[in-house]
file final14.cif (mmCIF, C-alpha atoms; chains and numbers go by the auth columns)
data_query
#
loop_
_atom_site.group_PDB
_atom_site.id
_atom_site.type_symbol
_atom_site.label_atom_id
_atom_site.label_comp_id
_atom_site.label_asym_id
_atom_site.label_seq_id
_atom_site.Cartn_x
_atom_site.Cartn_y
_atom_site.Cartn_z
_atom_site.B_iso_or_equiv
_atom_site.auth_seq_id
_atom_site.auth_asym_id
ATOM 1 C CA MET A 1 80.660 -0.856 51.074 0.00 1 A
ATOM 2 C CA ALA A 2 77.359 -0.850 49.274 0.00 2 A
ATOM 3 C CA ARG A 3 77.457 -0.972 45.510 0.00 3 A
ATOM 4 C CA PRO A 4 76.104 2.093 43.715 0.00 4 A
ATOM 5 C CA ARG A 5 72.649 1.413 42.354 0.00 5 A
ATOM 6 C CA LYS A 6 72.171 1.578 38.625 0.00 6 A
ATOM 7 C CA PRO A 7 69.645 4.174 37.452 0.00 7 A
ATOM 8 C CA THR A 8 66.253 2.613 36.876 0.00 8 A
ATOM 9 C CA SER A 9 65.314 2.358 33.210 0.00 9 A
ATOM 10 C CA PRO A 10 62.067 4.172 32.307 0.00 10 A
ATOM 11 C CA PHE A 11 61.364 1.381 29.785 0.00 11 A
ATOM 12 C CA ARG A 12 61.597 -1.515 32.252 0.00 12 A
ATOM 13 C CA TYR A 13 57.872 -2.369 32.239 0.00 13 A
ATOM 14 C CA PHE A 14 57.437 -2.202 28.456 0.00 14 A
ATOM 15 C CA ASN A 15 57.790 -5.101 26.042 0.00 15 A
ATOM 16 C CA SER A 16 58.762 -2.810 23.161 0.00 16 A
ATOM 17 C CA SER A 17 62.378 -1.742 22.805 0.00 17 A
ATOM 18 C CA PRO A 18 63.501 1.812 23.667 0.00 18 A
ATOM 19 C CA GLU A 19 64.455 2.326 20.012 0.00 19 A
ATOM 20 C CA VAL A 20 60.874 1.701 18.876 0.00 20 A
ATOM 21 C CA ILE A 21 59.439 3.995 21.566 0.00 21 A
ATOM 22 C CA ARG A 22 61.822 6.808 20.645 0.00 22 A
ATOM 23 C CA LEU A 23 60.970 6.363 16.962 0.00 23 A
ATOM 24 C CA VAL A 24 57.226 6.532 17.649 0.00 24 A
ATOM 25 C CA VAL A 25 57.517 9.677 19.776 0.00 25 A
ATOM 26 C CA MET A 26 59.754 11.373 17.206 0.00 26 A
ATOM 27 C CA MET A 27 57.470 10.551 14.275 0.00 27 A
ATOM 28 C CA TYR A 28 54.316 11.765 15.995 0.00 28 A
ATOM 29 C CA VAL A 29 55.680 14.958 17.526 0.00 29 A
ATOM 30 C CA ARG A 30 58.127 16.033 14.834 0.00 30 A
ATOM 31 C CA PHE A 31 56.093 15.372 11.693 0.00 31 A
ATOM 32 C CA PRO A 32 52.492 16.441 10.867 0.00 32 A
ATOM 33 C CA LEU A 33 51.105 12.919 11.279 0.00 33 A
ATOM 34 C CA SER A 34 48.007 11.682 13.042 0.00 34 A
ATOM 35 C CA LEU A 35 48.000 8.776 15.482 0.00 35 A
ATOM 36 C CA ARG A 36 46.719 6.424 12.805 0.00 36 A
ATOM 37 C CA ASN A 37 49.254 7.721 10.257 0.00 37 A
ATOM 38 C CA VAL A 38 52.053 6.682 12.615 0.00 38 A
ATOM 39 C CA GLU A 39 50.381 3.295 13.167 0.00 39 A
ATOM 40 C CA ASP A 40 50.158 2.654 9.409 0.00 40 A
ATOM 41 C CA LEU A 41 53.735 3.753 8.689 0.00 41 A
ATOM 42 C CA LEU A 42 55.113 1.495 11.411 0.00 42 A
ATOM 43 C CA PHE A 43 52.991 -1.455 10.228 0.00 43 A
ATOM 44 C CA GLU A 44 54.623 -1.167 6.783 0.00 44 A
ATOM 45 C CA ARG A 45 57.953 -1.613 8.554 0.00 45 A
ATOM 46 C CA GLY A 46 56.825 -4.683 10.479 0.00 46 A
ATOM 47 C CA ILE A 47 56.000 -2.944 13.766 0.00 47 A
ATOM 48 C CA ASP A 48 52.426 -3.681 14.808 0.00 48 A
ATOM 49 C CA ILE A 49 51.120 -1.262 17.455 0.00 49 A
ATOM 50 C CA CYS A 50 47.750 0.397 18.069 0.00 50 A
ATOM 51 C CA HIS A 51 47.227 4.131 17.556 0.00 51 A
ATOM 52 C CA GLU A 52 46.269 4.370 21.233 0.00 52 A
ATOM 53 C CA THR A 53 49.731 3.040 22.056 0.00 53 A
ATOM 54 C CA VAL A 54 51.158 5.947 20.085 0.00 54 A
ATOM 55 C CA ARG A 55 49.051 8.323 22.194 0.00 55 A
ATOM 56 C CA PHE A 56 50.148 6.674 25.427 0.00 56 A
ATOM 57 C CA TRP A 57 53.835 6.699 24.531 0.00 57 A
ATOM 58 C CA TRP A 58 54.035 10.361 23.568 0.00 58 A
ATOM 59 C CA ASN A 59 52.138 11.296 26.741 0.00 59 A
ATOM 60 C CA ARG A 60 54.383 9.090 28.886 0.00 60 A
ATOM 61 C CA PHE A 61 57.809 9.588 27.322 0.00 61 A
ATOM 62 C CA GLY A 62 57.475 12.846 25.363 0.00 62 A
ATOM 63 C CA PRO A 63 57.938 15.134 28.407 0.00 63 A
ATOM 64 C CA MET A 64 60.929 13.089 29.567 0.00 64 A
ATOM 65 C CA PHE A 65 62.679 13.276 26.183 0.00 65 A
ATOM 66 C CA ALA A 66 61.880 16.972 25.811 0.00 66 A
ATOM 67 C CA ALA A 67 63.144 17.797 29.313 0.00 67 A
ATOM 68 C CA ASP A 68 66.442 16.041 28.625 0.00 68 A
ATOM 69 C CA ILE A 69 66.960 17.948 25.364 0.00 69 A
ATOM 70 C CA ARG A 70 65.920 21.245 26.970 0.00 70 A
ATOM 71 C CA LEU A 71 68.274 20.765 29.911 0.00 71 A
ATOM 72 C CA GLN A 72 71.248 20.220 27.636 0.00 72 A
ATOM 73 C CA ARG A 73 70.452 23.262 25.509 0.00 73 A
ATOM 74 C CA VAL A 74 69.748 25.606 28.421 0.00 74 A
ATOM 75 C CA SER A 75 73.002 24.642 30.149 0.00 75 A
ATOM 76 C CA ARG A 76 74.938 25.383 26.952 0.00 76 A
ATOM 77 C CA MET A 77 73.245 28.697 26.164 0.00 77 A
ATOM 78 C CA ARG A 78 72.615 30.221 29.576 0.00 78 A
ATOM 79 C CA GLY A 79 75.933 32.072 29.606 0.00 79 A
ATOM 80 C CA PHE A 80 75.212 33.707 26.243 0.00 80 A
ATOM 81 C CA LYS A 81 74.235 37.305 27.042 0.00 81 A
ATOM 82 C CA HIS A 82 73.801 38.848 23.606 0.00 82 A
ATOM 83 C CA TRP A 83 70.390 37.402 22.903 0.00 83 A
ATOM 84 C CA ASN A 84 67.725 39.103 20.868 0.00 84 A
ATOM 85 C CA TRP A 85 64.378 37.580 21.732 0.00 85 A
ATOM 86 C CA HIS A 86 61.225 37.735 19.614 0.00 86 A
ATOM 87 C CA LEU A 87 57.887 37.413 21.432 0.00 87 A
ATOM 88 C CA ASP A 88 54.474 36.774 19.937 0.00 88 A
ATOM 89 C CA GLU A 89 51.162 35.143 20.771 0.00 89 A
ATOM 90 C CA MET A 90 48.997 32.993 18.534 0.00 90 A
ATOM 91 C CA TYR A 91 45.389 32.010 19.082 0.00 91 A
ATOM 92 C CA VAL A 92 44.411 28.358 19.441 0.00 92 A
ATOM 93 C CA LYS A 93 40.810 27.162 19.688 0.00 93 A
ATOM 94 C CA ILE A 94 39.944 24.672 22.438 0.00 94 A
ATOM 95 C CA GLY A 95 36.322 23.551 22.488 0.00 95 A
ATOM 96 C CA GLY A 96 35.304 26.578 20.431 0.00 96 A
ATOM 97 C CA GLU A 97 36.963 29.045 22.851 0.00 97 A
ATOM 98 C CA LEU A 98 40.020 31.118 22.025 0.00 98 A
ATOM 99 C CA HIS A 99 43.184 30.518 24.016 0.00 99 A
ATOM 100 C CA TYR A 100 46.594 32.076 23.450 0.00 100 A
ATOM 101 C CA LEU A 101 49.921 30.343 22.980 0.00 101 A
ATOM 102 C CA TRP A 102 52.755 32.745 23.852 0.00 102 A
ATOM 103 C CA ARG A 103 56.108 31.929 22.306 0.00 103 A
ATOM 104 C CA ALA A 104 59.634 33.306 22.635 0.00 104 A
ATOM 105 C CA VAL A 105 62.310 32.574 20.021 0.00 105 A
ATOM 106 C CA ASP A 106 65.887 33.782 19.760 0.00 106 A
ATOM 107 C CA GLN A 107 67.619 35.484 16.832 0.00 107 A
ATOM 108 C CA GLU A 108 68.325 32.074 15.256 0.00 108 A
ATOM 109 C CA GLY A 109 64.670 31.017 15.349 0.00 109 A
ATOM 110 C CA GLU A 110 65.077 28.513 18.194 0.00 110 A
ATOM 111 C CA ILE A 111 61.961 28.289 20.359 0.00 111 A
ATOM 112 C CA LEU A 112 62.842 29.206 23.934 0.00 112 A
ATOM 113 C CA GLU A 113 59.509 29.125 25.724 0.00 113 A
ATOM 114 C CA SER A 114 55.845 28.233 25.145 0.00 114 A
ATOM 115 C CA TYR A 115 53.084 29.305 27.513 0.00 115 A
ATOM 116 C CA VAL A 116 49.294 28.905 27.231 0.00 116 A
ATOM 117 C CA THR A 117 46.768 31.339 28.749 0.00 117 A
ATOM 118 C CA LYS A 118 43.088 32.152 28.369 0.00 118 A
ATOM 119 C CA THR A 119 43.752 35.881 27.953 0.00 119 A
ATOM 120 C CA ARG A 120 46.453 38.095 26.474 0.00 120 A
ATOM 121 C CA ASP A 121 46.460 40.891 29.012 0.00 121 A
ATOM 122 C CA LYS A 122 49.215 42.322 31.193 0.00 122 A
ATOM 123 C CA LYS A 123 48.960 39.504 33.758 0.00 123 A
ATOM 124 C CA ALA A 124 49.396 36.805 31.118 0.00 124 A
ATOM 125 C CA ALA A 125 52.301 38.609 29.424 0.00 125 A
ATOM 126 C CA LEU A 126 54.034 39.143 32.771 0.00 126 A
ATOM 127 C CA ALA A 127 53.728 35.475 33.769 0.00 127 A
ATOM 128 C CA PHE A 128 55.069 34.393 30.370 0.00 128 A
ATOM 129 C CA MET A 129 58.064 36.738 30.460 0.00 129 A
ATOM 130 C CA LYS A 130 58.954 35.864 34.057 0.00 130 A
ATOM 131 C CA LYS A 131 58.982 32.179 33.135 0.00 131 A
ATOM 132 C CA ALA A 132 61.212 32.768 30.102 0.00 132 A
ATOM 133 C CA LEU A 133 63.676 35.019 31.961 0.00 133 A
ATOM 134 C CA LYS A 134 63.918 32.629 34.906 0.00 134 A
ATOM 135 C CA ARG A 135 64.799 29.692 32.676 0.00 135 A
ATOM 136 C CA HIS A 136 67.077 31.380 30.140 0.00 136 A
ATOM 137 C CA GLY A 137 68.582 34.333 31.998 0.00 137 A
ATOM 138 C CA PRO A 138 68.985 37.974 30.921 0.00 138 A
ATOM 139 C CA VAL A 139 68.452 39.196 27.377 0.00 139 A
ATOM 140 C CA GLU A 140 69.896 42.115 25.444 0.00 140 A
ATOM 141 C CA ALA A 141 66.868 43.081 23.312 0.00 141 A
ATOM 142 C CA ILE A 142 63.226 41.961 23.068 0.00 142 A
ATOM 143 C CA THR A 143 61.286 42.420 19.827 0.00 143 A
ATOM 144 C CA THR A 144 57.482 42.380 20.048 0.00 144 A
ATOM 145 C CA ASP A 145 54.458 43.410 18.057 0.00 145 A
ATOM 146 C CA GLY A 146 52.263 46.352 19.018 0.00 146 A
ATOM 147 C CA LEU A 147 50.328 44.555 21.775 0.00 147 A
ATOM 148 C CA ARG A 148 50.355 46.896 24.770 0.00 148 A
ATOM 149 C CA SER A 149 50.453 44.009 27.251 0.00 149 A
ATOM 150 C CA TYR A 150 54.150 43.536 26.466 0.00 150 A
ATOM 151 C CA GLY A 151 54.993 47.117 27.350 0.00 151 A
ATOM 152 C CA ALA A 152 52.975 46.980 30.575 0.00 152 A
ATOM 153 C CA ALA A 153 54.721 43.768 31.613 0.00 153 A
ATOM 154 C CA MET A 154 58.150 45.197 30.804 0.00 154 A
ATOM 155 C CA ASP A 155 57.405 48.243 32.943 0.00 155 A
ATOM 156 C CA VAL A 156 56.904 45.912 35.901 0.00 156 A
ATOM 157 C CA LEU A 157 60.091 43.986 35.095 0.00 157 A
ATOM 158 C CA GLY A 158 62.070 47.189 34.557 0.00 158 A
ATOM 159 C CA ASN A 159 63.343 46.355 31.075 0.00 159 A
ATOM 160 C CA ARG A 160 61.123 48.561 28.908 0.00 160 A
ATOM 161 C CA ASP A 161 64.244 50.108 27.364 0.00 161 A
ATOM 162 C CA LYS A 162 65.037 46.708 25.779 0.00 162 A
ATOM 163 C CA GLN A 163 61.775 46.551 23.823 0.00 163 A
ATOM 164 C CA ALA A 164 61.812 46.993 20.050 0.00 164 A
ATOM 165 C CA ILE A 165 58.646 47.238 17.945 0.00 165 A
ATOM 166 C CA GLY A 166 58.599 47.090 14.160 0.00 166 A
ATOM 167 C CA ARG A 167 56.214 46.160 11.392 0.00 167 A
ATOM 168 C CA TRP A 168 58.374 43.362 9.955 0.00 168 A
ATOM 169 C CA ALA A 169 60.907 43.053 12.786 0.00 169 A
ATOM 170 C CA ASN A 170 59.017 40.155 14.338 0.00 170 A
ATOM 171 C CA ASN A 171 58.900 37.880 11.283 0.00 171 A
ATOM 172 C CA ARG A 172 61.278 35.481 13.020 0.00 172 A
ATOM 173 C CA VAL A 173 58.685 34.385 15.569 0.00 173 A
ATOM 174 C CA GLU A 174 55.806 34.654 13.100 0.00 174 A
ATOM 175 C CA ASN A 175 57.493 32.058 10.889 0.00 175 A
ATOM 176 C CA SER A 176 58.104 29.780 13.869 0.00 176 A
ATOM 177 C CA HIS A 177 54.329 29.358 14.247 0.00 177 A
ATOM 178 C CA LEU A 178 54.045 27.533 10.915 0.00 178 A
ATOM 179 C CA SER A 179 55.358 24.153 12.048 0.00 179 A
ATOM 180 C CA PHE A 180 53.019 24.162 15.039 0.00 180 A
ATOM 181 C CA ARG A 181 50.029 25.081 12.863 0.00 181 A
ATOM 182 C CA ARG A 182 50.732 22.059 10.668 0.00 182 A
ATOM 183 C CA ARG A 183 50.769 19.810 13.743 0.00 183 A
ATOM 184 C CA GLU A 184 47.565 21.376 15.026 0.00 184 A
ATOM 185 C CA ARG A 185 45.711 20.555 11.802 0.00 185 A
ATOM 186 C CA ALA A 186 46.957 16.962 11.835 0.00 186 A
ATOM 187 C CA MET A 187 45.748 16.550 15.427 0.00 187 A
ATOM 188 C CA LEU A 188 42.317 18.051 14.588 0.00 188 A
ATOM 189 C CA ARG A 189 42.886 20.732 17.273 0.00 189 A
ATOM 190 C CA PHE A 190 43.155 20.314 21.023 0.00 190 A
ATOM 191 C CA ARG A 191 40.485 19.482 23.570 0.00 191 A
ATOM 192 C CA GLN A 192 42.128 20.593 26.827 0.00 192 A
ATOM 193 C CA MET A 193 44.328 23.501 27.823 0.00 193 A
ATOM 194 C CA LYS A 194 46.800 21.273 29.674 0.00 194 A
ATOM 195 C CA THR A 195 47.169 19.047 26.600 0.00 195 A
ATOM 196 C CA LEU A 196 47.988 22.096 24.479 0.00 196 A
ATOM 197 C CA GLN A 197 50.609 23.271 26.983 0.00 197 A
ATOM 198 C CA LYS A 198 52.149 19.814 27.196 0.00 198 A
ATOM 199 C CA PHE A 199 52.321 19.209 23.463 0.00 199 A
ATOM 200 C CA ALA A 200 53.574 22.738 22.683 0.00 200 A
ATOM 201 C CA SER A 201 56.504 22.310 25.065 0.00 201 A
ATOM 202 C CA ILE A 202 57.429 18.861 23.706 0.00 202 A
ATOM 203 C CA HIS A 203 57.057 19.984 20.088 0.00 203 A
ATOM 204 C CA ALA A 204 59.274 23.034 20.695 0.00 204 A
ATOM 205 C CA SER A 205 62.104 20.913 22.105 0.00 205 A
ATOM 206 C CA LEU A 206 62.039 18.401 19.253 0.00 206 A
ATOM 207 C CA HIS A 207 61.721 21.160 16.660 0.00 207 A
ATOM 208 C CA ASN A 208 64.813 22.881 18.065 0.00 208 A
ATOM 209 C CA HIS A 209 66.735 19.619 18.190 0.00 209 A
ATOM 210 C CA PHE A 210 66.165 18.642 14.563 0.00 210 A
ATOM 211 C CA ALA A 211 66.108 22.120 12.977 0.00 211 A
ATOM 212 C CA SER A 212 69.330 22.403 11.002 0.00 212 A
ATOM 213 C CA GLU A 213 68.836 25.594 8.912 0.00 213 A
ATOM 214 C CA ARG A 214 69.335 23.584 5.729 0.00 214 A
ATOM 215 C CA HIS A 215 68.708 26.643 3.546 0.00 215 A
ATOM 216 C CA LEU A 216 71.857 28.300 4.999 0.00 216 A
ATOM 217 C CA VAL A 217 74.349 25.443 4.575 0.00 217 A
ATOM 218 C CA ASP A 218 75.500 23.133 1.809 0.00 218 A
ATOM 219 C CA ARG A 219 74.285 19.567 1.425 0.00 219 A
ATOM 220 C CA GLN A 220 77.302 17.943 3.072 0.00 220 A
ATOM 221 C CA THR A 221 77.115 20.160 6.162 0.00 221 A
ATOM 222 C CA PHE A 222 73.379 19.551 6.441 0.00 222 A
ATOM 223 C CA LYS A 223 73.939 15.758 6.382 0.00 223 A
ATOM 224 C CA LEU A 224 76.512 16.056 9.174 0.00 224 A
ATOM 225 C CA HIS A 225 74.144 18.136 11.308 0.00 225 A
ATOM 226 C CA ARG A 226 71.277 15.723 10.679 0.00 226 A
ATOM 227 C CA SER A 227 73.375 12.694 11.593 0.00 227 A
ATOM 228 C CA ALA A 228 74.570 14.376 14.785 0.00 228 A
ATOM 229 C CA ALA A 229 70.997 15.261 15.779 0.00 229 A
ATOM 230 C CA LEU A 230 69.810 11.688 15.195 0.00 230 A
ATOM 231 C CA ALA A 231 72.721 10.239 17.162 0.00 231 A
ATOM 232 C CA GLU A 232 72.014 12.546 20.085 0.00 232 A
ATOM 233 C CA TRP A 233 68.315 11.694 19.944 0.00 233 A
ATOM 234 C CA GLN A 234 69.069 7.964 20.076 0.00 234 A
ATOM 235 C CA SER A 235 71.106 8.518 23.224 0.00 235 A
ATOM 236 C CA VAL A 236 68.216 10.281 25.006 0.00 236 A
ATOM 237 C CA ALA A 237 67.059 8.176 27.987 0.00 237 A
ATOM 238 C CA ALA A 238 69.175 5.292 26.708 0.00 238 A
#

call {"tool": "encode", "arguments": {"input": "final14.cif", "output": "C-alpha cells"}}
result
Amino acid sequence: MARPRKPTSPFRYFNSSPEVIRLVVMMYVRFPLSLRNVEDLLFERGIDICHETVRFWWNRFGPMFAADIRLQRVSRMRGFKHWNWHLDEMYVKIGGELHYLWRAVDQEGEILESYVTKTRDKKAALAFMKKALKRHGPVEAITTDGLRSYGAAMDVLGNRDKQAIGRWANNRVENSHLSFRRRERAMLRFRQMKTLQKFASIHASLHNHFASERHLVDRQTFKLHRSAALAEWQSVAA
C-alpha cells in the first residue's frame, strides 16, 4: 500500500523561514508601513532583506494566507442567518482615473467582501452583491446609502424589501474605510486595478483576523483575544 504523500510546503524553495515570511506579510498588510519601512524595522531586529523581497512575499503569500483565514471564517459564519449588512463604495484613484471599491461589512464591522469596478452603476452593484451573497449566504437586512444603483440591483435580486436607507445608519461601513485609507496613503496609491483588488481582499482578511474591538472589552480580555489571533496566524500555512 502506497504511503500517503505529505502536503507540499509552499516555503520549500525559500531560504527564509516561514516565521519570517509570515511576519513580513503581516507587518506590511496590517500596518500603514511602506516597503522600505518594513525593511528598516526588520533590519533593526537582525533580519536583512530587500524592500523588493517584501513586495514579492506579500504578492506570493498574501493571497494564500488571506484565503485560509477567509475559508475558516466563512465556514463558521455561513449558518448565521440574522445578518445585517452595510454596503458602501469608496473612490480610489488609479493613474489619475477614479475607480470604485465596493465593500460589505456586517453588524460587527467585519469586512465581508471587497470588489473593484470602474463605474458605480446598476451593473457594478449587481455583480458586487451577487458575489457577496454567493460567498456568505442569505442576509436579513441590507443598509445602504442613497445611491440608486443599490435599489436597482436589489430589484433584480428580488430582495428590495430588505433594503434600509438612513442618514447615519451606514456609519458602520463608513468607519471601516479608515484603515484602508491609511494603507493607501502609505503605499502612495495604486497603479493597477488588479493590484487594488488583490490588496483590498488581503487587507480585509487580515483586518478581520486581528480586529479585537478593544474599546468594548477590558484589558485582560483584549490580551487574550490578541494572543489567540497571533497563535492562529502563526499556524496559517505552517

call {"tool": "closest_residue", "arguments": {"input": "final14.cif", "among": "A:Arg185, A:Lys123, A:Arg70, A:Arg226", "to": "Phe31 of chain A", "atoms": "all atoms listed in the file"}}
result
A:Arg185

call {"tool": "atom_distance", "arguments": {"input": "final14.cif", "atom1": "atom CA of Arg22 of chain A", "atom2": "atom CA of Ser205 of chain A"}}
result
14.2 Å

call {"tool": "closest_atom_pairs", "arguments": {"input": "final14.cif", "of": "segment 159-188 of chain A", "to": "segment 93-107 of chain A", "cutoff": "8 Å", "atoms": "all atoms listed in the file", "output": "Markdown table"}}
result
| residue | atom | partner | partner_atom | distance |
| --- | --- | --- | --- | --- |
| A:Arg172 | CA | A:Gln107 | CA | 7.4 |
| A:Val173 | CA | A:Val105 | CA | 6.0 |
| A:Ser176 | CA | A:Val105 | CA | 8.0 |

call {"tool": "axis_aligned_box", "arguments": {"input": "final14.cif", "around": "segment 194-209 of chain A", "padding_each_side": "3 Å", "output": "AutoDock Vina command-line options"}}
result
--center_x 56.8 --center_y 20.8 --center_z 23.2 --size_x 25.9 --size_y 10.9 --size_z 19.0

call {"tool": "closest_residue", "arguments": {"input": "final14.cif", "among": "A:Met187, A:Leu126, A:Ala132, A:Leu71", "to": "His209 of chain A", "atoms": "all atoms listed in the file"}}
result
A:Leu71

call {"tool": "atom_distance", "arguments": {"input": "final14.cif", "atom1": "atom CA of Thr195 of chain A", "atom2": "atom CA of Asn171 of chain A"}}
result
27.0 Å

call {"tool": "closest_atom_pairs", "arguments": {"input": "final14.cif", "of": "segment 190-214 of chain A", "to": "segment 57-66 of chain A", "cutoff": "9 Å", "atoms": "all atoms listed in the file", "output": "Markdown table"}}
result
| residue | atom | partner | partner_atom | distance |
| --- | --- | --- | --- | --- |
| A:Lys198 | CA | A:Pro63 | CA | 7.5 |
| A:Phe199 | CA | A:Gly62 | CA | 8.4 |
| A:Ser201 | CA | A:Ala66 | CA | 7.6 |
| A:Ile202 | CA | A:Ala66 | CA | 5.3 |
| A:His203 | CA | A:Ala66 | CA | 8.1 |
| A:Ala204 | CA | A:Ala66 | CA | 8.3 |
| A:Ser205 | CA | A:Ala66 | CA | 5.4 |
| A:Leu206 | CA | A:Ala66 | CA | 6.7 |

call {"tool": "atom_distance", "arguments": {"input": "final14.cif", "atom1": "atom CA of Lys134 of chain A", "atom2": "atom CA of Ser114 of chain A"}}
result
13.4 Å

call {"tool": "resolve_selection", "arguments": {"input": "final14.cif", "expression": "the PyMOL selection byres ((chain A and resi 39-41) around 12)", "output": "list in words"}}
result
Leu23, Val24, Val25, Met27, Tyr28, Leu33, Ser34, Leu35, Arg36, Asn37, Val38, Leu42, Phe43, Glu44, Arg45, Gly46, Ile47, Asp48, Ile49, Cys50, His51, Glu52, Thr53, Val54 and Arg55 of chain A

call {"tool": "residues_around", "arguments": {"input": "final14.cif", "residues": "Ala124 of chain A", "least_positions_apart": "3", "cutoff": "10 Å", "atoms": "only C-alpha atoms", "output": "list of chain:residue names"}}
result
A:Tyr100, A:Trp102, A:Tyr115, A:Val116, A:Thr117, A:Lys118, A:Thr119, A:Arg120, A:Asp121, A:Ala127, A:Phe128, A:Met129, A:Ser149, A:Tyr150, A:Ala153

call {"tool": "closest_residue", "arguments": {"input": "final14.cif", "among": "A:Val74, A:Ala228, A:Met154, A:Leu188", "to": "Lys130 of chain A", "atoms": "all atoms listed in the file"}}
result
A:Met154

call {"tool": "resolve_selection", "arguments": {"input": "final14.cif", "expression": "the PyMOL selection byres ((chain A and resi 18) around 12)", "output": "number ranges by chain"}}
result
A: 9-17, 19-25, 57, 61, 65, 233-238

call {"tool": "write_last_selection", "arguments": {"input": "final14.cif", "atoms": "C-alpha atoms", "output": "tab-separated table (two decimals), keeping the file's coordinate frame"}}
result
chain	number	residue	atom	x	y	z
A	9	SER	CA	65.31	2.36	33.21
A	10	PRO	CA	62.07	4.17	32.31
A	11	PHE	CA	61.36	1.38	29.78
A	12	ARG	CA	61.60	-1.52	32.25
A	13	TYR	CA	57.87	-2.37	32.24
A	14	PHE	CA	57.44	-2.20	28.46
A	15	ASN	CA	57.79	-5.10	26.04
A	16	SER	CA	58.76	-2.81	23.16
A	17	SER	CA	62.38	-1.74	22.80
A	19	GLU	CA	64.46	2.33	20.01
A	20	VAL	CA	60.87	1.70	18.88
A	21	ILE	CA	59.44	4.00	21.57
A	22	ARG	CA	61.82	6.81	20.64
A	23	LEU	CA	60.97	6.36	16.96
A	24	VAL	CA	57.23	6.53	17.65
A	25	VAL	CA	57.52	9.68	19.78
A	57	TRP	CA	53.84	6.70	24.53
A	61	PHE	CA	57.81	9.59	27.32
A	65	PHE	CA	62.68	13.28	26.18
A	233	TRP	CA	68.32	11.69	19.94
A	234	GLN	CA	69.07	7.96	20.08
A	235	SER	CA	71.11	8.52	23.22
A	236	VAL	CA	68.22	10.28	25.01
A	237	ALA	CA	67.06	8.18	27.99
A	238	ALA	CA	69.18	5.29	26.71

call {"tool": "residues_around", "arguments": {"input": "final14.cif", "residues": "Trp168 of chain A", "least_positions_apart": "4", "cutoff": "12 Å", "atoms": "all atoms listed in the file", "output": "list of chain:residue names"}}
result
A:His86, A:Thr143, A:Thr144, A:Asp145, A:Gly146, A:Ala164, A:Arg172, A:Val173, A:Glu174, A:Asn175
